[in-house]
Amino acid sequence: MQKNTLVLAIIVVVILITASAMVLTSLFRPASATVFSVTTDRDLYHSNDVMMMKILVNSTGFTTDTSLKIEGITDTYGQTRLSHSMNANLTPGPNIFLYDYHLPSCSKCSGLDPGNYPINVTLVKNGTAISNLSVTVHLEQ
């Protein structure tokens with residue numbers, strides 16, 4: 001009987017040590033994060049429209065010194081019309097960021113011909129890109 005109790009006590013101690021090691025490892029491991037999805041409220045936009053973007057970032061832990069860079073819609077003159085950066089201090093799990101972009105009042109005058117335009121979203125930590133995802137929108141007059 002005492003032998004069974006001793007074996008059971010050893011098993012419980014081993015389980016507790018293993019569980020504690022797993023918790024401590026996860027606490028001291030640097031958090032990672034990924035841009036999981038980038039969506040817009042529509043696929044087609046016209047002059048003077050407001051494009052509403054929703055960006056979902058998944059994080060394994062708390063992350064500071066992180067930002068989201070949103071860039072795209074390059075005109076015929078080579079200028080990037082959409083260029084925005086926002087702070088993105090992350091919490092564990094899904095993090096949602098919303099951004100509205102007002103398109104120029106005259107697409108043709110602004111050098112934006114009808115067509116498809118990529119928008120890149122980059123997650124940056126301490127100046128280094130750690131995740132990137134793109135979405136494509138179609139512009140018409």
# chains A, B, ... in the order shown; residues from 1 in each chain; ligands from 1
>>> select_by_dssp(residues="chain A", states="alpha helix (DSSP H)", output="ChimeraX atom specification")
/A:2-28
>>> residues_around(residues="stretch 124-141 of chain A", least_positions_apart="2", cutoff="10 Å", atoms="only C-alpha atoms", output="ChimeraX atom specification")
/A:32-40,42-49,51,53,55,57,63-73,85,87-89,103,105-108,112-122
>>> write_last_selection(atoms="N, CA and C atoms", output="compact mmCIF listing (two decimals), in the first residue's frame")
# COMPACT_ATOMS: atom_id res chain seq x y z
N SER A 32 5.19 35.75 -30.76
CA SER A 32 5.22 35.90 -32.22
C SER A 32 3.85 36.40 -32.67
N ALA A 33 3.84 37.04 -33.82
CA ALA A 33 2.59 37.59 -34.34
C ALA A 33 2.57 37.48 -35.85
N THR A 34 1.37 37.36 -36.40
CA THR A 34 1.18 37.20 -37.84
C THR A 34 -0.02 38.01 -38.31
N VAL A 35 0.14 38.68 -39.46
CA VAL A 35 -1.01 39.31 -40.10
C VAL A 35 -1.82 38.16 -40.68
N PHE A 36 -2.99 37.93 -40.10
CA PHE A 36 -3.81 36.77 -40.46
C PHE A 36 -4.73 37.06 -41.64
N SER A 37 -5.32 38.27 -41.66
CA SER A 37 -6.19 38.62 -42.79
C SER A 37 -6.26 40.12 -42.97
N VAL A 38 -6.46 40.52 -44.23
CA VAL A 38 -6.69 41.93 -44.59
C VAL A 38 -7.89 41.93 -45.52
N THR A 39 -8.93 42.64 -45.11
CA THR A 39 -10.13 42.70 -45.95
C THR A 39 -10.56 44.15 -46.12
N THR A 40 -11.27 44.41 -47.20
CA THR A 40 -11.87 45.71 -47.45
C THR A 40 -13.38 45.52 -47.51
N ARG A 42 -15.37 46.48 -49.73
CA ARG A 42 -15.80 46.17 -51.11
C ARG A 42 -14.58 45.79 -51.93
N ASP A 43 -14.82 45.25 -53.11
CA ASP A 43 -13.73 44.94 -54.04
C ASP A 43 -13.54 46.04 -55.07
N LEU A 44 -14.60 46.84 -55.34
CA LEU A 44 -14.59 47.88 -56.37
C LEU A 44 -14.80 49.24 -55.74
N TYR A 45 -13.95 50.21 -56.12
CA TYR A 45 -14.06 51.57 -55.60
C TYR A 45 -14.01 52.56 -56.75
N HIS A 46 -14.64 53.73 -56.50
CA HIS A 46 -14.66 54.83 -57.46
C HIS A 46 -14.06 56.06 -56.81
N SER A 47 -13.87 57.11 -57.61
CA SER A 47 -13.35 58.38 -57.10
C SER A 47 -14.15 58.84 -55.89
N ASN A 48 -13.46 59.34 -54.89
CA ASN A 48 -14.06 59.94 -53.69
C ASN A 48 -14.69 58.92 -52.73
N ASP A 49 -14.56 57.64 -53.02
CA ASP A 49 -15.07 56.62 -52.10
C ASP A 49 -14.18 56.53 -50.86
N MET A 51 -12.58 53.72 -48.50
CA MET A 51 -12.28 52.29 -48.40
C MET A 51 -12.08 51.97 -46.92
N MET A 53 -10.90 49.30 -44.28
CA MET A 53 -10.07 48.10 -44.16
C MET A 53 -10.17 47.52 -42.76
N ILE A 55 -8.01 44.69 -40.47
CA ILE A 55 -6.78 43.91 -40.41
C ILE A 55 -6.82 43.07 -39.14
N VAL A 57 -4.67 40.56 -36.76
CA VAL A 57 -3.32 40.10 -36.41
C VAL A 57 -3.45 39.13 -35.25
N THR A 63 2.80 42.06 -27.08
CA THR A 63 3.86 42.57 -27.93
C THR A 63 3.79 44.09 -27.97
N THR A 64 4.92 44.73 -27.65
CA THR A 64 5.00 46.19 -27.72
C THR A 64 6.00 46.57 -28.80
N ASP A 65 6.17 47.85 -29.03
CA ASP A 65 7.07 48.36 -30.07
C ASP A 65 6.76 47.75 -31.43
N THR A 66 5.47 47.60 -31.71
CA THR A 66 5.01 46.98 -32.95
C THR A 66 4.13 47.98 -33.69
N SER A 67 4.23 47.97 -35.02
CA SER A 67 3.38 48.86 -35.82
C SER A 67 2.90 48.12 -37.07
N LEU A 68 1.84 48.64 -37.64
CA LEU A 68 1.32 48.15 -38.92
C LEU A 68 1.57 49.21 -39.97
N LYS A 69 2.19 48.81 -41.08
CA LYS A 69 2.40 49.71 -42.20
C LYS A 69 1.44 49.29 -43.32
N ILE A 70 0.67 50.25 -43.80
CA ILE A 70 -0.29 49.99 -44.88
C ILE A 70 0.17 50.82 -46.08
N GLU A 71 0.48 50.16 -47.18
CA GLU A 71 0.99 50.85 -48.35
C GLU A 71 0.42 50.25 -49.63
N GLY A 72 0.14 51.12 -50.59
CA GLY A 72 -0.33 50.64 -51.88
C GLY A 72 -0.95 51.75 -52.71
N ILE A 73 -1.62 51.36 -53.77
CA ILE A 73 -2.26 52.26 -54.73
C ILE A 73 -1.23 53.25 -55.29
N SER A 85 1.01 54.39 -41.23
CA SER A 85 1.57 53.54 -40.19
C SER A 85 0.80 53.79 -38.90
N ASN A 87 0.41 52.42 -34.58
CA ASN A 87 0.89 51.60 -33.48
C ASN A 87 0.03 50.35 -33.37
N ALA A 88 0.68 49.24 -33.04
CA ALA A 88 -0.05 47.98 -32.94
C ALA A 88 0.46 47.18 -31.75
N ASN A 89 0.28 47.70 -30.55
CA ASN A 89 0.63 46.92 -29.36
C ASN A 89 -0.37 45.79 -29.24
N LEU A 103 -10.31 57.82 -51.00
CA LEU A 103 -9.73 57.85 -52.34
C LEU A 103 -9.82 59.26 -52.90
N SER A 105 -10.61 62.55 -55.10
CA SER A 105 -11.89 62.96 -55.68
C SER A 105 -11.93 62.77 -57.19
N CYS A 106 -10.79 62.72 -57.82
CA CYS A 106 -10.72 62.48 -59.26
C CYS A 106 -9.60 61.49 -59.52
N SER A 107 -9.95 60.24 -59.72
CA SER A 107 -8.94 59.20 -59.91
C SER A 107 -8.07 59.48 -61.13
N LYS A 108 -8.68 59.83 -62.25
CA LYS A 108 -7.93 60.07 -63.48
C LYS A 108 -6.98 61.25 -63.32
N LEU A 112 -4.54 57.78 -61.35
CA LEU A 112 -5.00 56.43 -61.02
C LEU A 112 -5.90 55.92 -62.13
N ASP A 113 -5.32 55.16 -63.03
CA ASP A 113 -6.09 54.57 -64.12
C ASP A 113 -6.95 53.44 -63.58
N PRO A 114 -8.05 53.13 -64.27
CA PRO A 114 -8.85 51.99 -63.84
C PRO A 114 -8.00 50.72 -63.84
N GLY A 115 -8.20 49.88 -62.83
CA GLY A 115 -7.45 48.63 -62.76
C GLY A 115 -7.32 48.12 -61.34
N ASN A 116 -6.52 47.07 -61.21
CA ASN A 116 -6.29 46.44 -59.92
C ASN A 116 -5.07 47.06 -59.24
N TYR A 117 -5.21 47.29 -57.93
CA TYR A 117 -4.13 47.89 -57.15
C TYR A 117 -3.91 47.08 -55.87
N PRO A 118 -2.68 46.61 -55.67
CA PRO A 118 -2.39 45.87 -54.43
C PRO A 118 -2.19 46.83 -53.26
N ILE A 119 -2.58 46.36 -52.09
CA ILE A 119 -2.34 47.07 -50.84
C ILE A 119 -1.61 46.09 -49.93
N ASN A 120 -0.43 46.47 -49.45
CA ASN A 120 0.39 45.62 -48.60
C ASN A 120 0.28 46.07 -47.15
N VAL A 121 0.09 45.11 -46.26
CA VAL A 121 0.06 45.38 -44.82
C VAL A 121 1.23 44.61 -44.21
N THR A 122 2.10 45.34 -43.53
CA THR A 122 3.29 44.75 -42.94
C THR A 122 3.29 44.99 -41.44
>>> residues_around(residues="A:Met52", least_positions_apart="4", cutoff="6 Å", atoms="only C-alpha atoms", output="NGL selection string")
:A and (40-41 or 99-100)
>>> write_last_selection(atoms="N, CA, C and O atoms", output="compact mmCIF listing (two decimals), in the first residue's frame")
# COMPACT_ATOMS: atom_id res chain seq x y z
N THR A 40 -11.27 44.41 -47.20
CA THR A 40 -11.87 45.71 -47.45
C THR A 40 -13.38 45.52 -47.51
O THR A 40 -13.86 44.41 -47.74
N ASP A 41 -14.11 46.61 -47.32
CA ASP A 41 -15.57 46.50 -47.30
C ASP A 41 -16.14 46.19 -48.68
O ASP A 41 -17.26 45.68 -48.79
N TYR A 99 -9.01 50.70 -40.48
CA TYR A 99 -8.42 51.87 -41.12
C TYR A 99 -9.30 52.27 -42.30
O TYR A 99 -9.70 51.43 -43.10
N ASP A 100 -9.61 53.57 -42.39
CA ASP A 100 -10.40 54.12 -43.50
C ASP A 100 -9.49 54.97 -44.37
O ASP A 100 -8.75 55.82 -43.86
>>> select_by_dssp(residues="stretch 20-126 of chain A", states="strand (DSSP E or B)", output="VMD selection string")
chain A and resid 33 to 40 44 to 45 50 to 59 63 66 to 74 80 to 87 90 93 to 102 115 to 125
